[in-house]
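**Q** Hey, dropping coords_12.tsv in here, TSV, C-alpha atoms (C1' of nucleotides):
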chain	number	residue	atom	x	y	z
Q	1	MET	CA	74.21	71.35	115.90
Q	2	SER	CA	71.03	70.98	117.84
Q	3	GLN	CA	69.50	67.51	117.80
Q	4	THR	CA	66.34	68.20	119.72
Q	5	PRO	CA	63.27	67.29	117.68
Q	6	LEU	CA	61.02	70.09	116.58
Q	7	SER	CA	57.99	70.78	118.73
Q	8	ALA	CA	54.63	69.77	117.30
Q	9	GLN	CA	53.78	73.39	116.69
Q	10	THR	CA	57.01	74.22	114.92
Q	11	ASP	CA	56.72	71.07	112.88
Q	12	LYS	CA	53.27	72.09	111.64
Q	13	ILE	CA	54.70	75.31	110.32
Q	14	TRP	CA	57.60	73.48	108.75
Q	15	GLN	CA	55.26	71.11	106.96
Q	16	VAL	CA	53.44	74.02	105.36
Q	17	VAL	CA	56.60	75.70	104.15
Q	18	ALA	CA	58.04	72.41	102.91
Q	19	LYS	CA	54.93	71.55	100.90
Q	20	ALA	CA	54.76	74.92	99.16
Q	21	THR	CA	56.13	75.35	95.67
Q	22	LYS	CA	57.11	78.93	96.31
Q	23	PRO	CA	58.12	81.12	99.25
Q	24	LEU	CA	55.30	81.89	101.67
Q	25	SER	CA	54.83	84.98	103.79
Q	26	ALA	CA	54.20	84.52	107.50
Q	27	TYR	CA	50.57	85.46	106.99
Q	28	GLU	CA	50.11	83.00	104.16
Q	29	ILE	CA	51.38	80.31	106.48
Q	30	LEU	CA	49.02	81.54	109.17
Q	31	ASP	CA	46.05	81.35	106.80
Q	32	ARG	CA	46.85	77.78	105.91
Q	33	LEU	CA	46.95	76.76	109.56
Q	34	ARG	CA	43.94	78.53	111.04
Q	35	GLN	CA	41.91	75.35	110.92
Q	36	LYS	CA	44.66	73.52	112.72
Q	37	GLY	CA	44.55	75.90	115.63
Q	38	VAL	CA	47.19	78.44	114.74
Q	39	ARG	CA	45.64	81.82	115.31
Q	40	SER	CA	48.20	84.52	115.82
Q	41	PRO	CA	51.22	85.96	114.03
Q	42	PRO	CA	53.67	85.55	116.92
Q	43	THR	CA	53.11	81.80	116.87
Q	44	VAL	CA	54.17	81.70	113.24
Q	45	TYR	CA	57.09	84.09	113.63
Q	46	ARG	CA	58.42	82.17	116.61
Q	47	ALA	CA	58.40	78.94	114.68
Q	48	LEU	CA	59.98	80.58	111.65
Q	49	LYS	CA	62.78	81.92	113.80
Q	50	ILE	CA	63.51	78.49	115.21
Q	51	LEU	CA	63.35	76.88	111.79
Q	52	GLU	CA	65.69	79.45	110.31
Q	53	ALA	CA	68.17	79.13	113.16
Q	54	ARG	CA	68.27	75.39	112.63
Q	55	GLY	CA	68.64	75.59	108.89
Q	56	PHE	CA	65.28	74.18	107.86
Q	57	ILE	CA	64.18	77.30	106.07
Q	58	HIS	CA	65.59	80.46	104.58
Q	59	ARG	CA	64.17	83.94	104.58
Q	60	ILE	CA	64.00	85.68	101.22
Q	61	GLU	CA	64.55	89.33	102.11
Q	62	SER	CA	63.31	90.84	98.88
Q	63	LEU	CA	60.01	88.97	99.20
Q	64	ASN	CA	59.50	89.01	102.95
Q	65	ALA	CA	58.85	85.33	102.62
Q	66	PHE	CA	60.20	81.97	103.65
Q	67	VAL	CA	61.25	78.93	101.70
Q	68	ALA	CA	62.26	75.42	102.74
Q	69	CYS	CA	65.94	74.72	102.54
Q	70	SER	CA	66.56	72.46	99.62
Q	71	VAL	CA	69.87	70.98	100.67
Q	72	GLY	CA	70.04	67.84	102.73
Q	73	CYS	CA	66.44	67.87	103.81
Q	74	ALA	CA	65.66	64.25	103.10
Q	75	GLN	CA	66.68	63.15	106.55
Q	76	HIS	CA	64.28	65.51	108.26
Q	77	ALA	CA	61.27	63.46	107.21
Q	78	LYS	CA	62.67	60.64	109.30
Q	79	THR	CA	64.27	62.26	112.29
Q	80	LYS	CA	62.66	65.68	112.56
Q	81	ALA	CA	65.77	66.57	114.39
Q	82	SER	CA	69.03	67.18	112.68
Q	83	HIS	CA	69.70	69.43	109.77
Q	84	GLN	CA	72.56	71.18	108.12
Q	85	GLU	CA	72.84	74.53	109.79
Q	86	ASP	CA	74.46	77.75	109.00
Q	87	HIS	CA	75.25	77.33	105.37
Q	88	THR	CA	74.87	80.27	103.06
Q	89	SER	CA	73.00	80.19	99.81
Q	90	ALA	CA	71.98	82.48	97.03
Q	91	PHE	CA	68.47	82.51	95.64
Q	92	ALA	CA	67.27	82.87	92.09
Q	93	ILE	CA	63.70	84.10	91.96
Q	94	CYS	CA	61.30	84.10	89.04
Q	95	ARG	CA	59.27	87.30	89.09
Q	96	SER	CA	56.52	85.67	87.07
Q	97	CYS	CA	55.78	82.30	88.66
Q	98	GLY	CA	57.38	83.03	92.01
Q	99	ARG	CA	59.42	79.87	92.16
Q	100	VAL	CA	62.81	80.04	93.79
Q	101	GLU	CA	65.95	78.04	93.27
Q	102	GLU	CA	68.53	77.72	96.00
Q	103	LEU	CA	72.04	78.09	94.69
Q	104	ARG	CA	75.17	76.95	96.48
Q	105	ALA	CA	78.03	78.91	95.04
Q	106	PRO	CA	81.22	78.95	97.07
Q	107	ALA	CA	82.86	81.17	94.46
Q	108	LEU	CA	80.19	83.72	95.13
Q	109	ASP	CA	80.53	83.59	98.90
Q	110	GLU	CA	84.23	84.02	98.54
Q	111	ALA	CA	83.90	86.99	96.20
Q	112	LEU	CA	81.50	88.62	98.61
Q	113	SER	CA	83.61	88.13	101.72
Q	114	LYS	CA	86.57	89.45	99.84
Q	115	ALA	CA	84.71	92.52	98.65
Q	116	ALA	CA	83.56	93.30	102.17
Q	117	LYS	CA	86.98	92.81	103.70
Q	118	GLY	CA	87.92	96.48	103.86
Q	119	PHE	CA	84.83	97.44	105.81
Q	120	LEU	CA	83.73	94.47	107.87
Q	121	GLN	CA	85.98	92.73	110.31
Q	122	THR	CA	83.66	89.81	110.88
Q	123	THR	CA	80.66	88.71	108.88
Q	124	GLU	CA	77.62	87.03	110.32
Q	125	LYS	CA	74.87	86.87	107.79
Q	126	GLN	CA	74.40	87.36	104.11
Q	127	SER	CA	71.58	87.64	101.67
Q	128	VAL	CA	72.09	87.12	97.96
Q	129	GLU	CA	69.09	87.26	95.70
Q	130	ILE	CA	68.67	87.59	91.97
Q	131	VAL	CA	65.37	88.16	90.22
Q	132	GLY	CA	64.46	87.46	86.64
Q	133	LEU	CA	62.35	85.31	84.37
Q	134	CYS	CA	62.82	81.58	84.66
Q	135	MET	CA	63.26	79.43	81.56
Q	136	LYS	CA	59.72	78.20	81.67
Q	137	CYS	CA	58.08	81.60	82.04
Q	138	ALA	CA	60.35	83.15	79.45
Q	139	THR	CA	59.15	80.60	76.91
Q	140	GLN	CA	55.51	81.25	77.73
Q	141	GLU	CA	55.94	84.99	77.56
Q	142	LYS	CA	57.50	84.69	74.13
Q	143	GLY	CA	54.48	82.68	73.06
Q	144	ARG	CA	52.15	85.41	74.21
Q	145	LYS	CA	54.03	88.05	72.29
Q	146	LYS	CA	53.37	86.18	69.06
Q	147	CYS	CA	49.65	86.61	69.66
Q	148	SER	CA	50.06	90.39	69.42
Q	149	ARG	CA	50.27	91.08	73.08
C	1	MET	CA	69.20	107.80	80.77
C	2	SER	CA	66.69	110.37	81.85
C	3	GLN	CA	68.01	113.93	81.97
C	4	THR	CA	64.98	115.66	83.39
C	5	PRO	CA	65.82	117.45	86.63
C	6	LEU	CA	64.30	116.14	89.80
C	7	SER	CA	61.13	117.85	90.97
C	8	ALA	CA	61.45	120.06	94.04
C	9	GLN	CA	59.63	117.47	96.11
C	10	THR	CA	61.77	114.57	94.99
C	11	ASP	CA	64.88	116.62	95.51
C	12	LYS	CA	63.92	117.33	99.12
C	13	ILE	CA	63.73	113.62	99.78
C	14	TRP	CA	67.02	113.06	98.02
C	15	GLN	CA	68.73	115.69	100.17
C	16	VAL	CA	67.66	113.90	103.31
C	17	VAL	CA	68.90	110.52	102.17
C	18	ALA	CA	72.15	112.00	100.88
C	19	LYS	CA	72.91	113.76	104.15
C	20	ALA	CA	72.32	110.69	106.30
C	21	THR	CA	75.22	108.60	107.51
C	22	LYS	CA	73.20	105.43	107.45
C	23	PRO	CA	70.23	103.98	105.56
C	24	LEU	CA	66.90	105.58	106.42
C	25	SER	CA	63.48	103.99	106.40
C	26	ALA	CA	60.71	105.77	104.54
C	27	TYR	CA	59.16	106.83	107.82
C	28	GLU	CA	62.42	108.21	109.14
C	29	ILE	CA	62.61	110.33	106.01
C	30	LEU	CA	59.03	111.40	106.53
C	31	ASP	CA	59.75	112.46	110.11
C	32	ARG	CA	62.66	114.61	109.00
C	33	LEU	CA	60.52	116.42	106.45
C	34	ARG	CA	57.27	117.08	108.31
C	35	GLN	CA	58.26	120.65	108.97
C	36	LYS	CA	58.98	121.14	105.32
C	37	GLY	CA	55.49	120.16	104.33
C	38	VAL	CA	55.85	116.45	103.65
C	39	ARG	CA	53.00	114.80	105.47
C	40	SER	CA	52.11	111.44	104.01
C	41	PRO	CA	53.87	108.16	103.29
C	42	PRO	CA	52.86	107.99	99.63
C	43	THR	CA	54.72	111.22	98.96
C	44	VAL	CA	57.90	109.69	100.30
C	45	TYR	CA	57.48	106.35	98.59
C	46	ARG	CA	56.79	108.02	95.27
C	47	ALA	CA	59.98	110.01	95.49
C	48	LEU	CA	61.97	106.97	96.59
C	49	LYS	CA	60.72	105.03	93.60
C	50	ILE	CA	61.82	107.76	91.20
C	51	LEU	CA	65.19	108.12	92.92
C	52	GLU	CA	65.80	104.41	92.81
C	53	ALA	CA	64.83	104.14	89.15
C	54	ARG	CA	67.28	106.89	88.31
C	55	GLY	CA	70.10	105.45	90.35
C	56	PHE	CA	70.32	108.10	93.05
C	57	ILE	CA	69.54	105.70	95.84
C	58	HIS	CA	69.53	102.01	96.60
C	59	ARG	CA	67.11	100.02	98.66
C	60	ILE	CA	68.61	97.76	101.32
C	61	GLU	CA	66.21	94.82	101.43
C	62	SER	CA	67.30	93.38	104.73
C	63	LEU	CA	66.77	96.73	106.47
C	64	ASN	CA	63.73	98.06	104.62
C	65	ALA	CA	65.73	101.23	104.23
C	66	PHE	CA	67.30	103.45	101.62
C	67	VAL	CA	70.81	104.74	101.12
C	68	ALA	CA	72.29	107.27	98.73
C	69	CYS	CA	74.27	105.80	95.88
C	70	SER	CA	77.90	106.42	96.52
C	71	VAL	CA	79.20	106.13	92.98
C	72	GLY	CA	79.41	109.11	90.69
C	73	CYS	CA	77.16	111.34	92.71
C	74	ALA	CA	79.30	114.44	92.65
C	75	GLN	CA	77.70	115.72	89.49
C	76	HIS	CA	74.23	115.63	90.95
C	77	ALA	CA	74.91	118.56	93.22
C	78	LYS	CA	75.38	120.65	90.12
C	79	THR	CA	72.86	119.35	87.62
C	80	LYS	CA	70.24	117.57	89.67
C	81	ALA	CA	69.63	115.71	86.49
C	82	SER	CA	71.87	112.95	85.28
C	83	HIS	CA	73.15	110.01	87.20
C	84	GLN	CA	74.56	106.62	86.56
C	85	GLU	CA	71.64	104.28	86.33
C	86	ASP	CA	71.18	100.61	86.54
C	87	HIS	CA	74.44	99.53	88.03
C	88	THR	CA	74.46	96.73	90.54
C	89	SER	CA	76.17	96.87	93.87
C	90	ALA	CA	76.61	94.81	96.96
C	91	PHE	CA	76.24	96.29	100.42
C	92	ALA	CA	78.23	95.62	103.54
C	93	ILE	CA	76.26	96.52	106.64
C	94	CYS	CA	77.51	96.97	110.19
C	95	ARG	CA	74.94	95.54	112.58
C	96	SER	CA	76.24	97.72	115.38
C	97	CYS	CA	76.57	101.26	114.02
C	98	GLY	CA	74.31	100.79	111.02
C	99	ARG	CA	76.71	102.23	108.50
C	100	VAL	CA	76.73	100.75	105.04
C	101	GLU	CA	79.43	100.51	102.42
C	102	GLU	CA	78.56	100.15	98.77
C	103	LEU	CA	80.74	97.59	97.05
C	104	ARG	CA	81.26	97.32	93.35
C	105	ALA	CA	82.41	93.83	92.64
C	106	PRO	CA	82.18	92.67	89.05
C	107	ALA	CA	83.58	89.28	90.03
C	108	LEU	CA	80.65	88.87	92.34
C	109	ASP	CA	78.07	89.88	89.75
C	110	GLU	CA	79.58	87.45	87.35
C	111	ALA	CA	79.60	84.59	89.83
C	112	LEU	CA	75.98	85.28	90.64
C	113	SER	CA	74.76	85.43	87.05
C	114	LYS	CA	76.64	82.26	86.35
C	115	ALA	CA	75.15	80.47	89.33
C	116	ALA	CA	71.64	81.48	88.29
C	117	LYS	CA	72.12	80.47	84.68
C	118	GLY	CA	70.38	77.12	84.91
C	119	PHE	CA	67.19	78.55	86.34
C	120	LEU	CA	66.82	82.09	85.07
C	121	GLN	CA	66.82	82.96	81.43
C	122	THR	CA	67.05	86.68	81.98
C	123	THR	CA	67.95	88.60	85.09
C	124	GLU	CA	66.56	91.97	86.02
C	125	LYS	CA	67.46	92.84	89.56
C	126	GLN	CA	69.73	91.65	92.26
C	127	SER	CA	70.26	92.24	95.92
C	128	VAL	CA	73.49	91.33	97.65
C	129	GLU	CA	73.91	92.19	101.30
C	130	ILE	CA	76.35	91.09	103.94
C	131	VAL	CA	76.06	91.91	107.61
C	132	GLY	CA	78.75	91.92	110.24
C	133	LEU	CA	80.75	94.10	112.55
C	134	CYS	CA	82.73	96.90	110.96
C	135	MET	CA	86.36	97.48	111.88
C	136	LYS	CA	85.53	100.40	114.10
C	137	CYS	CA	82.78	98.69	116.08
C	138	ALA	CA	84.77	95.48	116.39
C	139	THR	CA	87.54	97.42	118.11
C	140	GLN	CA	85.14	99.08	120.50
C	141	GLU	CA	83.40	95.84	121.34
C	142	LYS	CA	86.71	94.25	122.20
C	143	GLY	CA	87.39	97.16	124.53
C	144	ARG	CA	84.12	96.61	126.32
C	145	LYS	CA	84.82	92.94	126.86
C	146	LYS	CA	87.95	93.84	128.81
C	147	CYS	CA	85.75	95.69	131.29
C	148	SER	CA	83.97	92.42	132.12
C	149	ARG	CA	80.97	92.96	129.93
E	1	DA	C1'	56.72	68.74	145.03
E	2	DA	C1'	59.43	72.76	143.68
E	3	DC	C1'	61.82	74.97	140.38
E	4	DA	C1'	63.82	76.58	136.02
E	5	DA	C1'	63.57	76.55	131.22
E	6	DT	C1'	61.07	76.38	127.18
E	7	DA	C1'	57.00	76.68	124.55
E	8	DT	C1'	52.43	78.55	123.67
E	9	DG	C1'	48.40	81.72	123.50
E	10	DT	C1'	46.48	86.36	123.22
E	11	DT	C1'	46.02	91.23	122.72
E	12	DA	C1'	47.63	95.17	121.14
E	13	DT	C1'	50.53	97.90	118.50
E	14	DA	C1'	54.61	99.15	115.76
E	15	DA	C1'	56.65	99.42	111.27
E	16	DC	C1'	56.46	99.19	106.36
E	17	DA	C1'	53.85	99.92	101.96
E	18	DT	C1'	50.18	100.94	98.61
E	19	DA	C1'	45.30	101.81	96.63
E	20	DT	C1'	42.41	105.37	95.51
E	21	DC	C1'	40.66	109.61	94.42
E	22	DA	C1'	40.66	114.62	94.09
E	23	DC	C1'	43.15	118.48	92.64
E	24	DT	C1'	47.13	121.14	90.55
E	25	DT	C1'	50.81	122.03	87.64
E	26	DT	C1'	53.24	121.54	83.39
E	27	DG	C1'	53.92	120.64	78.65
E	28	DT	C1'	52.11	120.36	73.82
E	29	DG	C1'	49.47	121.18	69.77
E	30	DT	C1'	46.20	124.18	67.60
U	1	DA	C1'	45.30	132.09	74.43
U	2	DC	C1'	42.90	127.74	74.70
U	3	DA	C1'	42.11	122.79	75.21
U	4	DC	C1'	43.89	118.67	76.36
U	5	DA	C1'	47.10	115.11	78.06
U	6	DA	C1'	50.60	113.87	81.21
U	7	DA	C1'	52.92	114.19	85.32
U	8	DG	C1'	53.03	115.59	89.98
U	9	DT	C1'	50.94	116.37	94.55
U	10	DG	C1'	47.98	115.91	98.76
U	11	DA	C1'	45.22	113.32	101.80
U	12	DT	C1'	42.71	109.49	103.73
U	13	DA	C1'	42.26	105.02	104.37
U	14	DT	C1'	43.74	100.53	104.30
U	15	DG	C1'	46.67	96.54	103.56
U	16	DT	C1'	50.78	93.93	104.92
U	17	DT	C1'	54.62	92.54	107.76
U	18	DA	C1'	56.61	92.11	112.41
U	19	DT	C1'	57.14	92.42	117.42
U	20	DA	C1'	56.31	93.91	122.43
U	21	DA	C1'	54.32	92.50	126.50
U	22	DC	C1'	52.20	89.61	129.43
U	23	DA	C1'	49.69	85.38	130.92
U	24	DT	C1'	49.53	80.44	130.96
U	25	DA	C1'	51.02	75.77	130.11
U	26	DT	C1'	54.32	72.14	129.45
U	27	DT	C1'	58.57	69.74	130.24
U	28	DG	C1'	62.74	68.32	132.47
U	29	DT	C1'	65.53	68.22	136.77
U	30	DT	C1'	66.55	67.98	141.50
Spell out the structure here as structure tokens.
**A**
Amino acid sequence: MSQTPLSAQTDKIWQVVAKATKPLSAYEILDRLRQKGVRSPPTVYRALKILEARGFIHRIESLNAFVACSVGCAQHAKTKASHQEDHTSAFAICRSCGRVEELRAPALDEALSKAAKGFLQTTEKQSVEIVGLCMKCATQEKGRKKCSR
Amino acid sequence: MSQTPLSAQTDKIWQVVAKATKPLSAYEILDRLRQKGVRSPPTVYRALKILEARGFIHRIESLNAFVACSVGCAQHAKTKASHQEDHTSAFAICRSCGRVEELRAPALDEALSKAAKGFLQTTEKQSVEIVGLCMKCATQEKGRKKCSR
DNA sequence: AACAATATGTTATAACATATCACTTTGTGT
DNA sequence: ACACAAAGTGATATGTTATAACATATTGTT
């Protein structure tokens, strides 16, 4: 596990992703950093790649967007160095409000590896995403229906 | 389940995806159909949307590409009408040769729904993808290593 | 200082996806 | 047969996401 601190640049990008309440696209991140001197897509994508490799963020494939890892991130604020790498997670996504919940489900990982066993000899990466309406939005939508919509 | 036959246009696009041995991007499909009068991206995307809604194809999120559904497709050749809709699958992807295997794994679906239960009230879509080296490519790669590469 | 390794900046372009509008075909009711 | 609605098609332009390629700067090591 790499212990090198993040560069100033990469840290800027991490701060933006970490503050967001929903996954951000690379260009949304770029827009929020223009005033701080970040001007071009490659700068953002480079940082995102580093952050993902070190486990600070996850890419949500079905959204083309990035979200801060929600497991064991407390320590980052202090050290800006270490982080839990290489774990796999599933993501539950609300199609209405856009919020995402990171799910650790070993049973799921196991079921997936097992299912792939006949075809893949080794596995390197996985992406598990499920989209629906979150509790909160489901309640609101029900409310709206009552008002004849 | 819709029983309307596919339009000639949509069927052309389906033929291309069905013949392929790996997932195709929309633009790869377009390139293979230019001589048959398909000239613009929207034409392809429209057909892909219809095909996906009716269960003839699946979108692979991590590849931005589309693959023919491999379950219960035999009948299509005859009727060009009915197809099993709305099932969920997982996909095992070989990063070397690009081939994809569609996995039906109820245990996995169940584990995923269960994991999402605290956050999502209703679920509508899911995407489960796992990338690695397939048996065949793993064997070849091992061979290459012996030759000092 | 000299060098390698890493990080950064910039331009251009590739790759993926959709909005919009005009026109045609098809199905339905009269 | 006619009028109308609905679905399908064609084409252009544009929006969005991602990377190639190259130049420059910074950092760490000897």
**Q** Report, in Å to a single decimal, how far apart C1' of DA20 (chain U) and CA of Val17 (chain Q) are.
**A** 25.8 Å
**Q** Mind checking which residues fall within 7 Å of region 88-104 of chain C, counting all atoms listed in the file, ignoring those fewer than 2 positions away in the same chain, and posting them as a list in words?
**A**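 Once the adjacent positions are removed, what remains is Ala115 and Ala116 of chain Q; Thr21, Lys22, Ser70, Asp86, Pro106, Ser127, Val128, Glu129, Ile130, Val131, Gly132, Leu133, Cys134 and Cys137 of chain C.
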**Q** Quick one: which residues from chain Q are at most 10 Å off chain E, using only C-alpha atoms (C1' of nucleotides), as a ChimeraX atom specification?
**A** /Q:7,9-10,38-40,42-43,46
**Q** Once chain C is fitted onto chain Q by least squares over all its in-order Cα atoms, send the moved chain as a short mmCIF file (atom, residue, chain, number, x, y, z; two decimals) with C-alpha atoms, in the coordinates of the input.
**A**
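Writing done, so here's selection.cif:
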data_model
loop_
_atom_site.label_atom_id
_atom_site.label_comp_id
_atom_site.auth_asym_id
_atom_site.auth_seq_id
_atom_site.Cartn_x
_atom_site.Cartn_y
_atom_site.Cartn_z
CA MET C 1 74.14 71.50 116.00
CA SER C 2 70.96 71.12 117.96
CA GLN C 3 69.48 67.62 117.92
CA THR C 4 66.30 68.28 119.82
CA PRO C 5 63.26 67.34 117.76
CA LEU C 6 61.00 70.11 116.61
CA SER C 7 57.95 70.79 118.76
CA ALA C 8 54.60 69.74 117.30
CA GLN C 9 53.73 73.37 116.67
CA THR C 10 56.97 74.20 114.92
CA ASP C 11 56.71 71.06 112.88
CA LYS C 12 53.26 72.05 111.62
CA ILE C 13 54.69 75.28 110.31
CA TRP C 14 57.60 73.46 108.75
CA GLN C 15 55.26 71.07 106.93
CA VAL C 16 53.46 73.97 105.33
CA VAL C 17 56.62 75.66 104.13
CA ALA C 18 58.07 72.37 102.90
CA LYS C 19 54.99 71.50 100.87
CA ALA C 20 54.80 74.87 99.14
CA THR C 21 56.17 75.33 95.65
CA LYS C 22 57.11 78.91 96.29
CA PRO C 23 58.13 81.11 99.22
CA LEU C 24 55.31 81.87 101.65
CA SER C 25 54.83 84.96 103.76
CA ALA C 26 54.16 84.50 107.45
CA TYR C 27 50.54 85.43 106.93
CA GLU C 28 50.10 82.97 104.10
CA ILE C 29 51.37 80.28 106.45
CA LEU C 30 48.99 81.50 109.11
CA ASP C 31 46.04 81.31 106.73
CA ARG C 32 46.86 77.72 105.84
CA LEU C 33 46.94 76.70 109.49
CA ARG C 34 43.92 78.45 110.98
CA GLN C 35 41.90 75.28 110.86
CA LYS C 36 44.64 73.45 112.66
CA GLY C 37 44.53 75.82 115.58
CA VAL C 38 47.17 78.37 114.66
CA ARG C 39 45.57 81.73 115.22
CA SER C 40 48.11 84.46 115.80
CA PRO C 41 51.11 85.91 113.99
CA PRO C 42 53.52 85.54 116.89
CA THR C 43 53.02 81.78 116.83
CA VAL C 44 54.11 81.68 113.22
CA TYR C 45 57.01 84.06 113.60
CA ARG C 46 58.31 82.15 116.59
CA ALA C 47 58.34 78.92 114.65
CA LEU C 48 59.94 80.59 111.64
CA LYS C 49 62.72 81.94 113.81
CA ILE C 50 63.47 78.49 115.22
CA LEU C 51 63.33 76.89 111.77
CA GLU C 52 65.65 79.48 110.32
CA ALA C 53 68.13 79.16 113.17
CA ARG C 54 68.25 75.42 112.64
CA GLY C 55 68.62 75.64 108.89
CA PHE C 56 65.27 74.19 107.86
CA ILE C 57 64.17 77.32 106.08
CA HIS C 58 65.59 80.47 104.57
CA ARG C 59 64.16 83.94 104.57
CA ILE C 60 63.99 85.69 101.21
CA GLU C 61 64.53 89.35 102.09
CA SER C 62 63.28 90.85 98.88
CA LEU C 63 59.97 88.98 99.18
CA ASN C 64 59.44 89.02 102.94
CA ALA C 65 58.82 85.32 102.59
CA PHE C 66 60.19 81.97 103.63
CA VAL C 67 61.26 78.92 101.68
CA ALA C 68 62.26 75.43 102.74
CA CYS C 69 65.96 74.71 102.56
CA SER C 70 66.59 72.46 99.64
CA VAL C 71 69.89 70.98 100.72
CA GLY C 72 70.08 67.84 102.79
CA CYS C 73 66.49 67.86 103.89
CA ALA C 74 65.72 64.23 103.22
CA GLN C 75 66.75 63.17 106.68
CA HIS C 76 64.34 65.52 108.36
CA ALA C 77 61.34 63.48 107.33
CA LYS C 78 62.72 60.68 109.44
CA THR C 79 64.28 62.34 112.45
CA LYS C 80 62.67 65.75 112.66
CA ALA C 81 65.80 66.64 114.50
CA SER C 82 69.07 67.28 112.77
CA HIS C 83 69.72 69.48 109.82
CA GLN C 84 72.58 71.23 108.18
CA GLU C 85 72.85 74.59 109.83
CA ASP C 86 74.49 77.81 109.00
CA HIS C 87 75.24 77.34 105.36
CA THR C 88 74.89 80.28 103.04
CA SER C 89 73.01 80.20 99.80
CA ALA C 90 71.98 82.49 97.02
CA PHE C 91 68.46 82.51 95.64
CA ALA C 92 67.29 82.87 92.08
CA ILE C 93 63.71 84.11 91.94
CA CYS C 94 61.32 84.10 89.00
CA ARG C 95 59.29 87.30 89.07
CA SER C 96 56.55 85.68 87.04
CA CYS C 97 55.79 82.30 88.63
CA GLY C 98 57.39 83.02 91.98
CA ARG C 99 59.44 79.87 92.12
CA VAL C 100 62.82 80.04 93.77
CA GLU C 101 65.97 78.03 93.26
CA GLU C 102 68.54 77.73 96.00
CA LEU C 103 72.06 78.10 94.68
CA ARG C 104 75.16 76.97 96.44
CA ALA C 105 78.02 78.92 95.01
CA PRO C 106 81.23 78.93 97.01
CA ALA C 107 82.87 81.15 94.41
CA LEU C 108 80.21 83.71 95.09
CA ASP C 109 80.58 83.55 98.86
CA GLU C 110 84.27 83.98 98.48
CA ALA C 111 83.97 86.95 96.16
CA LEU C 112 81.56 88.58 98.57
CA SER C 113 83.67 88.08 101.68
CA LYS C 114 86.64 89.39 99.79
CA ALA C 115 84.79 92.46 98.60
CA ALA C 116 83.64 93.24 102.13
CA LYS C 117 87.06 92.75 103.66
CA GLY C 118 88.00 96.41 103.86
CA PHE C 119 84.90 97.40 105.79
CA LEU C 120 83.80 94.42 107.84
CA GLN C 121 86.05 92.68 110.28
CA THR C 122 83.73 89.76 110.84
CA THR C 123 80.74 88.65 108.85
CA GLU C 124 77.69 86.99 110.29
CA LYS C 125 74.94 86.84 107.73
CA GLN C 126 74.46 87.34 104.08
CA SER C 127 71.63 87.64 101.65
CA VAL C 128 72.10 87.13 97.94
CA GLU C 129 69.09 87.27 95.67
CA ILE C 130 68.68 87.59 91.95
CA VAL C 131 65.39 88.15 90.19
CA GLY C 132 64.49 87.46 86.61
CA LEU C 133 62.38 85.32 84.35
CA CYS C 134 62.85 81.58 84.63
CA MET C 135 63.29 79.43 81.53
CA LYS C 136 59.74 78.20 81.65
CA CYS C 137 58.09 81.60 82.02
CA ALA C 138 60.37 83.17 79.43
CA THR C 139 59.14 80.64 76.89
CA GLN C 140 55.52 81.30 77.71
CA GLU C 141 55.95 85.04 77.58
CA LYS C 142 57.47 84.78 74.14
CA GLY C 143 54.44 82.77 73.06
CA ARG C 144 52.11 85.48 74.27
CA LYS C 145 53.95 88.17 72.37
CA LYS C 146 53.25 86.34 69.12
CA CYS C 147 49.54 86.76 69.80
CA SER C 148 49.98 90.55 69.69
CA ARG C 149 50.13 91.10 73.40
#
**Q** Would you compute the distance between CA of Lys117 (chain Q) and CA of Glu124 (chain C)? Give it in Å to one decimal.
**A**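 It comes out at 27.0 Å.
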**Q** As an exercise, work out the distance from CA of Asn64 (chain C) to CA of Gln126 (chain C) in Å and give it to one decimal place.
**A**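 We find that CA of Asn64 (chain C) and CA of Gln126 (chain C) lie 15.2 Å from each other.
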**Q** When you get a sec, could you note down which chain U residues fall within 12 Å of chain Q, using only C-alpha atoms (C1' of nucleotides), as a list in words?
**A**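 Output check: DT16, DT17, DA18, DT19, DA20, DA21, DT26 and DT27 of chain U.
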